$ cat start_38.pdb   # PDB, C-alpha atoms, pLDDT in the B column
ATOM      1  CA  MET B   1     138.252 117.180  97.079  1.00 31.00           C
ATOM      2  CA  LEU B   2     137.452 113.593  98.092  1.00 28.00           C
ATOM      3  CA  ALA B   3     133.763 114.516  98.497  1.00 31.00           C
ATOM      4  CA  ALA B   4     133.684 115.973  94.974  1.00 33.00           C
ATOM      5  CA  TYR B   5     135.364 112.820  93.618  1.00 30.00           C
ATOM      6  CA  CYS B   6     132.851 110.569  95.406  1.00 34.00           C
ATOM      7  CA  GLU B   7     129.893 112.597  94.155  1.00 37.00           C
ATOM      8  CA  ALA B   8     131.238 112.502  90.573  1.00 36.00           C
ATOM      9  CA  HIS B   9     131.874 108.761  90.900  1.00 34.00           C
ATOM     10  CA  LEU B  10     128.328 108.144  92.127  1.00 37.00           C
ATOM     11  CA  LYS B  11     126.794 110.211  89.314  1.00 42.00           C
ATOM     12  CA  LEU B  12     128.950 108.423  86.745  1.00 38.00           C
ATOM     13  CA  HIS B  13     127.555 105.114  87.947  1.00 39.00           C
ATOM     14  CA  GLY B  14     123.906 106.230  87.911  1.00 42.00           C
ATOM     15  CA  GLU B  15     123.685 107.006  91.619  1.00 46.00           C
ATOM     16  CA  GLN B  16     123.453 110.165  93.682  1.00 51.00           C
ATOM     17  CA  ALA B  17     124.328 110.888  97.288  1.00 49.00           C
ATOM     18  CA  THR B  18     121.886 113.058  99.247  1.00 61.00           C
ATOM     19  CA  ALA B  19     122.800 113.978 102.844  1.00 71.00           C
ATOM     20  CA  GLY B  20     123.864 110.511 103.983  1.00 88.00           C
ATOM     21  CA  TYR B  21     121.548 108.651 101.604  1.00 93.00           C
ATOM     22  CA  GLU B  22     122.332 106.641  98.517  1.00 95.00           C
ATOM     23  CA  ILE B  23     119.849 107.292  95.688  1.00 96.00           C
ATOM     24  CA  ALA B  24     120.119 104.513  93.107  1.00 96.00           C
ATOM     25  CA  LEU B  25     118.272 102.178  90.798  1.00 97.00           C
ATOM     26  CA  ALA B  26     116.599  99.369  92.705  1.00 98.00           C
ATOM     27  CA  THR B  27     117.734  95.775  92.383  1.00 97.00           C
ATOM     28  CA  ARG B  28     115.906  92.567  93.215  1.00 97.00           C
ATOM     29  CA  ASP B  29     117.672  92.638  96.587  1.00 97.00           C
ATOM     30  CA  ASP B  30     115.799  95.868  97.406  1.00 98.00           C
ATOM     31  CA  ILE B  31     112.325  94.368  96.923  1.00 98.00           C
ATOM     32  CA  PRO B  32     111.860  93.160 100.546  1.00 98.00           C
ATOM     33  CA  GLY B  33     112.698  96.657 101.836  1.00 97.00           C
ATOM     34  CA  ILE B  34     110.377  98.248  99.275  1.00 97.00           C
ATOM     35  CA  LEU B  35     107.536  95.922 100.336  1.00 96.00           C
ATOM     36  CA  GLU B  36     108.119  96.728 104.008  1.00 95.00           C
ATOM     37  CA  ILE B  37     107.812 100.479 103.383  1.00 94.00           C
ATOM     38  CA  GLN B  38     104.781  99.876 101.156  1.00 94.00           C
ATOM     39  CA  GLU B  39     103.011  97.953 103.943  1.00 92.00           C
ATOM     40  CA  GLN B  40     103.582 100.831 106.372  1.00 89.00           C
ATOM     41  CA  ASN B  41     101.914 103.239 103.923  1.00 84.00           C
ATOM     42  CA  LEU B  42      98.786 101.307 102.886  1.00 84.00           C
ATOM     43  CA  SER B  43      95.423 102.936 103.545  1.00 80.00           C
ATOM     44  CA  GLU B  44      94.356 100.133 105.899  1.00 83.00           C
ATOM     45  CA  ARG B  45      97.278 101.152 108.137  1.00 83.00           C
ATOM     46  CA  GLY B  46      96.453 104.848 107.989  1.00 78.00           C
ATOM     47  CA  GLY B  47      98.647 105.646 104.989  1.00 76.00           C
ATOM     48  CA  ALA B  48      97.717 107.036 101.597  1.00 73.00           C
ATOM     49  CA  LEU B  49      98.540 104.068  99.313  1.00 77.00           C
ATOM     50  CA  SER B  50      95.489 102.608  97.584  1.00 71.00           C
ATOM     51  CA  VAL B  51      97.066  99.599  95.871  1.00 78.00           C
ATOM     52  CA  ARG B  52      99.267  96.812  97.303  1.00 87.00           C
ATOM     53  CA  LEU B  53     101.874  95.740  94.758  1.00 90.00           C
ATOM     54  CA  SER B  54     103.439  92.289  94.972  1.00 93.00           C
ATOM     55  CA  ALA B  55     107.078  91.236  94.873  1.00 96.00           C
ATOM     56  CA  GLN B  56     106.334  89.689  91.464  1.00 96.00           C
ATOM     57  CA  TRP B  57     105.026  93.074  90.237  1.00 94.00           C
ATOM     58  CA  PHE B  58     108.239  94.797  91.300  1.00 96.00           C
ATOM     59  CA  GLU B  59     110.334  92.052  89.675  1.00 96.00           C
ATOM     60  CA  ALA B  60     108.448  92.492  86.384  1.00 95.00           C
ATOM     61  CA  VAL B  61     108.722  96.279  86.519  1.00 96.00           C
ATOM     62  CA  LEU B  62     112.461  96.202  87.267  1.00 96.00           C
ATOM     63  CA  GLU B  63     112.941  94.463  83.909  1.00 95.00           C
ATOM     64  CA  ARG B  64     111.109  97.218  81.999  1.00 96.00           C
ATOM     65  CA  MET B  65     111.252 100.530  83.878  1.00 96.00           C
ATOM     66  CA  PRO B  66     113.292 102.265  86.569  1.00 97.00           C
ATOM     67  CA  VAL B  67     112.467 101.931  90.247  1.00 98.00           C
ATOM     68  CA  VAL B  68     114.596 104.302  92.312  1.00 98.00           C
ATOM     69  CA  VAL B  69     115.426 103.682  95.973  1.00 98.00           C
ATOM     70  CA  ALA B  70     116.937 105.679  98.787  1.00 97.00           C
ATOM     71  CA  ARG B  71     119.177 103.672 101.088  1.00 97.00           C
ATOM     72  CA  ARG B  72     120.599 104.669 104.441  1.00 95.00           C
ATOM     73  CA  ALA B  73     123.223 102.401 105.949  1.00 94.00           C
ATOM     74  CA  GLY B  74     122.335  99.827 103.291  1.00 93.00           C
ATOM     75  CA  GLN B  75     118.621  99.724 104.190  1.00 96.00           C
ATOM     76  CA  VAL B  76     115.844 100.873 101.829  1.00 97.00           C
ATOM     77  CA  VAL B  77     114.183 103.926 103.386  1.00 97.00           C
ATOM     78  CA  GLY B  78     112.282 105.201 100.347  1.00 96.00           C
ATOM     79  CA  TYR B  79     111.370 104.370  96.799  1.00 96.00           C
ATOM     80  CA  VAL B  80     109.567 105.599  93.711  1.00 96.00           C
ATOM     81  CA  ALA B  81     108.377 103.309  90.955  1.00 96.00           C
ATOM     82  CA  SER B  82     107.580 103.796  87.306  1.00 96.00           C
ATOM     83  CA  ALA B  83     105.704 101.310  85.166  1.00 96.00           C
ATOM     84  CA  PRO B  84     104.470 100.924  81.606  1.00 95.00           C
ATOM     85  CA  LEU B  85     100.731 101.592  81.276  1.00 93.00           C
ATOM     86  CA  ASP B  86      99.926  98.017  80.251  1.00 92.00           C
ATOM     87  CA  ILE B  87     101.280  96.479  83.451  1.00 90.00           C
ATOM     88  CA  MET B  88      98.476  97.981  85.573  1.00 86.00           C
ATOM     89  CA  ALA B  89      95.754  98.837  83.050  1.00 86.00           C
ATOM     90  CA  ASN B  90      93.581  96.029  84.474  1.00 86.00           C
ATOM     91  CA  VAL B  91      93.706  97.395  88.049  1.00 88.00           C
ATOM     92  CA  PRO B  92      90.295  99.101  88.444  1.00 92.00           C
ATOM     93  CA  ILE B  93      91.522 102.343  90.042  1.00 92.00           C
ATOM     94  CA  VAL B  94      94.229 102.696  87.369  1.00 92.00           C
ATOM     95  CA  ALA B  95      91.815 101.783  84.558  1.00 94.00           C
ATOM     96  CA  ALA B  96      89.494 104.540  85.789  1.00 96.00           C
ATOM     97  CA  MET B  97      92.423 106.981  85.837  1.00 96.00           C
ATOM     98  CA  LEU B  98      93.380 106.064  82.273  1.00 95.00           C
ATOM     99  CA  HIS B  99      89.768 106.624  81.220  1.00 96.00           C
ATOM    100  CA  ALA B 100      89.951 110.149  82.698  1.00 97.00           C
ATOM    101  CA  TYR B 101      93.420 110.896  81.272  1.00 97.00           C
ATOM    102  CA  GLN B 102      95.472 108.712  78.913  1.00 93.00           C
ATOM    103  CA  GLY B 103      98.631 110.797  78.816  1.00 93.00           C
ATOM    104  CA  LEU B 104     100.225 112.581  75.872  1.00 90.00           C
ATOM    105  CA  MET B 105     104.002 112.120  75.572  1.00 83.00           C
ATOM    106  CA  ASP B 106     104.907 108.391  75.660  1.00 90.00           C
ATOM    107  CA  PRO B 107     103.258 108.118  79.097  1.00 95.00           C
ATOM    108  CA  TYR B 108     104.138 105.831  81.948  1.00 96.00           C
ATOM    109  CA  LEU B 109     102.711 105.332  85.415  1.00 95.00           C
ATOM    110  CA  TYR B 110     104.512 107.269  88.115  1.00 93.00           C
ATOM    111  CA  GLY B 111     104.448 105.939  91.636  1.00 88.00           C
ATOM    112  CA  PRO B 112     103.936 104.988  94.193  1.00 90.00           C
ATOM    113  CA  ILE B 113     106.468 107.094  96.028  1.00 91.00           C
ATOM    114  CA  CYS B 114     107.008 106.181  99.681  1.00 91.00           C
ATOM    115  CA  VAL B 115     109.431 107.292 102.345  1.00 92.00           C
ATOM    116  CA  ALA B 116     109.808 105.557 105.708  1.00 92.00           C
ATOM    117  CA  GLU B 117     108.185 107.605 108.457  1.00 89.00           C
ATOM    118  CA  SER B 118     111.517 107.935 110.275  1.00 91.00           C
ATOM    119  CA  GLU B 119     113.080 109.594 107.205  1.00 92.00           C
ATOM    120  CA  ARG B 120     110.364 112.078 106.237  1.00 87.00           C
ATOM    121  CA  GLY B 121     111.046 115.792 106.040  1.00 86.00           C
ATOM    122  CA  ARG B 122     114.597 115.313 104.745  1.00 89.00           C
ATOM    123  CA  GLY B 123     113.977 115.877 101.050  1.00 88.00           C
ATOM    124  CA  LEU B 124     114.000 112.223 100.030  1.00 92.00           C
ATOM    125  CA  ALA B 125     110.747 112.371  98.047  1.00 90.00           C
ATOM    126  CA  VAL B 126     112.114 115.253  95.975  1.00 90.00           C
ATOM    127  CA  ALA B 127     115.461 113.474  95.483  1.00 93.00           C
ATOM    128  CA  LEU B 128     113.735 110.237  94.430  1.00 95.00           C
ATOM    129  CA  PHE B 129     111.444 112.101  92.042  1.00 93.00           C
ATOM    130  CA  ALA B 130     114.375 113.996  90.473  1.00 93.00           C
ATOM    131  CA  ALA B 131     116.350 110.774  90.001  1.00 96.00           C
ATOM    132  CA  LEU B 132     113.392 109.058  88.306  1.00 96.00           C
ATOM    133  CA  ARG B 133     112.620 112.059  86.111  1.00 94.00           C
ATOM    134  CA  GLU B 134     116.269 112.224  85.010  1.00 94.00           C
ATOM    135  CA  ARG B 135     116.082 108.612  83.836  1.00 95.00           C
ATOM    136  CA  LEU B 136     112.957 109.150  81.692  1.00 95.00           C
ATOM    137  CA  PRO B 137     113.557 112.400  79.754  1.00 94.00           C
ATOM    138  CA  GLY B 138     110.874 113.540  77.344  1.00 93.00           C
ATOM    139  CA  ARG B 139     108.279 111.114  78.696  1.00 94.00           C
ATOM    140  CA  GLU B 140     105.151 111.972  80.638  1.00 96.00           C
ATOM    141  CA  GLY B 141     104.619 110.469  84.070  1.00 96.00           C
ATOM    142  CA  ILE B 142     101.033 110.196  85.292  1.00 96.00           C
ATOM    143  CA  ALA B 143      99.608 109.236  88.677  1.00 94.00           C
ATOM    144  CA  PHE B 144      96.541 109.644  90.860  1.00 93.00           C
ATOM    145  CA  ILE B 145      96.142 111.147  94.308  1.00 92.00           C
ATOM    146  CA  ARG B 146      93.130 111.163  96.592  1.00 90.00           C
ATOM    147  CA  ARG B 147      91.545 114.596  96.334  1.00 94.00           C
ATOM    148  CA  ASP B 148      91.531 114.892 100.149  1.00 92.00           C
ATOM    149  CA  ASN B 149      95.290 114.202 100.404  1.00 88.00           C
ATOM    150  CA  ALA B 150      96.291 117.864 100.548  1.00 91.00           C
ATOM    151  CA  ALA B 151      99.867 117.135 101.665  1.00 86.00           C
ATOM    152  CA  SER B 152     100.546 114.873  98.683  1.00 86.00           C
ATOM    153  CA  ARG B 153      98.910 117.291  96.255  1.00 92.00           C
ATOM    154  CA  ARG B 154     101.063 120.160  97.579  1.00 91.00           C
ATOM    155  CA  ALA B 155     104.219 118.045  97.454  1.00 86.00           C
ATOM    156  CA  HIS B 156     103.560 116.946  93.889  1.00 89.00           C
ATOM    157  CA  ALA B 157     102.784 120.523  92.817  1.00 92.00           C
ATOM    158  CA  LYS B 158     106.108 121.644  94.314  1.00 89.00           C
ATOM    159  CA  MET B 159     107.829 118.963  92.226  1.00 88.00           C
ATOM    160  CA  GLY B 160     106.324 120.465  89.073  1.00 91.00           C
ATOM    161  CA  MET B 161     103.349 118.189  88.564  1.00 94.00           C
ATOM    162  CA  ARG B 162     100.089 119.616  87.334  1.00 96.00           C
ATOM    163  CA  GLU B 163      96.574 118.368  87.953  1.00 97.00           C
ATOM    164  CA  VAL B 164      95.165 117.340  84.574  1.00 97.00           C
ATOM    165  CA  ALA B 165      91.924 115.498  85.385  1.00 98.00           C
ATOM    166  CA  GLU B 166      89.582 114.395  88.169  1.00 97.00           C
ATOM    167  CA  TYR B 167      87.648 111.170  88.578  1.00 97.00           C
ATOM    168  CA  GLU B 168      86.019 108.936  91.168  1.00 96.00           C
ATOM    169  CA  HIS B 169      86.638 105.321  91.982  1.00 95.00           C
ATOM    170  CA  ASP B 170      84.524 103.471  94.555  1.00 94.00           C
ATOM    171  CA  GLN B 171      83.041 106.865  95.489  1.00 95.00           C
ATOM    172  CA  ILE B 172      86.489 108.256  96.330  1.00 93.00           C
ATOM    173  CA  PRO B 173      87.344 111.531  94.566  1.00 96.00           C
ATOM    174  CA  LEU B 174      90.784 111.462  92.930  1.00 96.00           C
ATOM    175  CA  VAL B 175      92.944 113.795  90.856  1.00 97.00           C
ATOM    176  CA  VAL B 176      95.300 112.832  88.042  1.00 97.00           C
ATOM    177  CA  VAL B 177      98.694 114.524  88.108  1.00 97.00           C
ATOM    178  CA  ALA B 178     101.203 114.612  85.275  1.00 96.00           C
ATOM    179  CA  TYR B 179     104.681 115.901  84.514  1.00 94.00           C
ATOM    180  CA  LEU B 180     107.078 115.809  81.606  1.00 89.00           C
ATOM    181  CA  GLY B 181     110.467 114.218  82.318  1.00 81.00           C
TER     182      GLY B 181
END
$ encode --input "start_38.pdb" --output "C-alpha cells"
Amino acid sequence: MLAAYCEAHLKLHGEQATAGYEIALATRDDIPGILEIQEQNLSERGGALSVRLSAQWFEAVLERMPVVVARRAGQVVGYVASAPLDIMANVPIVAAMLHAYQGLMDPYLYGPICVAESERGRGLAVALFAALRERLPGREGIAFIRRDNAASRRAHAKMGMREVAEYEHDQIPLVVVAYLG
C-alpha cells in the first residue's frame, strides 16, 4: 500500500520511480552530473556522442524544453534532452540532418540520451525516453544516429522510432530517426 502511494505521489509531481531510480525533470543542479555522463560518452573517448554540449546550452534548454534525468542515490546516472530546432540549427551535423529531414509535427530535437556505463542494461534508456515522450504529446522528436551504430539503431527501433532519412556529414554516414510523442 505504501509503495502504491509513493508511486502515485511521484507521478502526481511529474516524477516516476523505476527499480530504485528516480526519473524526473532535470534542474540546474543536475547539469554537472549530466556533463560528466556526456564526457564519458563522447566519440573521442570511445562513445557514440558526436557533439559536446556546454553547461550554458543545458541551462538555455532547461528554460524551453524538458530534459529528463535518472538519479540513483541522488546522483545523475542518465539523461535525455530535447531542444527546439533553432537552438542547434547552426551546428553543422544538425544543420545537415535538418536538410535531410525537417520534421512534420511541431518537431523538436531529441537527444542525446546517455546512461552511465555502470547503469546500462537496466531499462533506463527506455524509462527516460518514455518520460520525455509523455511530456511532449503530439510532437515529433527527431535525431541522428551513426549508421554503423547498430546497438543504438536497434534500441531506438524498439522504442518506436522509425528511420526517415539518411545523410552524410564529414564522410560519416548517418540516419535520421523520428517518433511522434
$ resolve_selection --input "start_38.pdb" --expression "the PyMOL selection byres ((chain B and resi 106) around 6)" --output "compact mmCIF listing (two decimals) with C-alpha atoms, keeping the file's coordinate frame"
# COMPACT_ATOMS: atom_id res chain seq x y z
CA MET B 105 104.00 112.12 75.57
CA PRO B 107 103.26 108.12 79.10
CA ARG B 139 108.28 111.11 78.70
$ closest_residue --input "start_38.pdb" --among "B:Ile34, B:Ala116, B:Leu25, B:Met97" --to "Leu174 (chain B)" --atoms "all atoms listed in the file"
B:Met97
$ residues_near_point --input "start_38.pdb" --point "(99.2, 111.6, 101.5)" --cutoff "7 Å" --atoms "only C-alpha atoms" --output "PyMOL selection string"
chain B and resi 47-48+149-152
$ resolve_selection --input "start_38.pdb" --expression "the PyMOL selection byres ((chain B and resi 100) around 10)" --output "mmCIF file with C-alpha atoms, in the coordinates of the input"
data_model
loop_
_atom_site.group_PDB
_atom_site.id
_atom_site.type_symbol
_atom_site.label_atom_id
_atom_site.label_comp_id
_atom_site.auth_asym_id
_atom_site.auth_seq_id
_atom_site.Cartn_x
_atom_site.Cartn_y
_atom_site.Cartn_z
ATOM 1 C CA VAL B 94 94.229 102.696 87.369
ATOM 2 C CA ALA B 95 91.815 101.783 84.558
ATOM 3 C CA ALA B 96 89.494 104.540 85.789
ATOM 4 C CA MET B 97 92.423 106.981 85.837
ATOM 5 C CA LEU B 98 93.380 106.064 82.273
ATOM 6 C CA HIS B 99 89.768 106.624 81.220
ATOM 7 C CA TYR B 101 93.420 110.896 81.272
ATOM 8 C CA GLN B 102 95.472 108.712 78.913
ATOM 9 C CA GLY B 103 98.631 110.797 78.816
ATOM 10 C CA VAL B 164 95.165 117.340 84.574
ATOM 11 C CA ALA B 165 91.924 115.498 85.385
ATOM 12 C CA GLU B 166 89.582 114.395 88.169
ATOM 13 C CA TYR B 167 87.648 111.170 88.578
ATOM 14 C CA GLU B 168 86.019 108.936 91.168
ATOM 15 C CA VAL B 175 92.944 113.795 90.856
ATOM 16 C CA VAL B 176 95.300 112.832 88.042
#
$ closest_residue --input "start_38.pdb" --among "B:Leu62, B:Leu180, B:Val69, B:Val77" --to "Glu119 (chain B)" --atoms "all atoms listed in the file"
B:Val77
$ closest_residue --input "start_38.pdb" --among "B:Phe58, B:Tyr79, B:Tyr110, B:Tyr179" --to "Ala143 (chain B)" --atoms "only C-alpha atoms"
B:Tyr110
$ atom_distance --input "start_38.pdb" --atom1 "CA of Ala131 (chain B)" --atom2 "CA of Arg147 (chain B)"
25.9 Å
$ atom_distance --input "start_38.pdb" --atom1 "CA of Gly123 (chain B)" --atom2 "CA of Val68 (chain B)"
14.5 Å
$ residues_near_point --input "start_38.pdb" --point "(117.3, 102.2, 106.4)" --cutoff "12 Å" --atoms "all atoms listed in the file" --output "PyMOL selection string"
chain B and resi 20-22+30+33-34+36-37+69-79+115-119
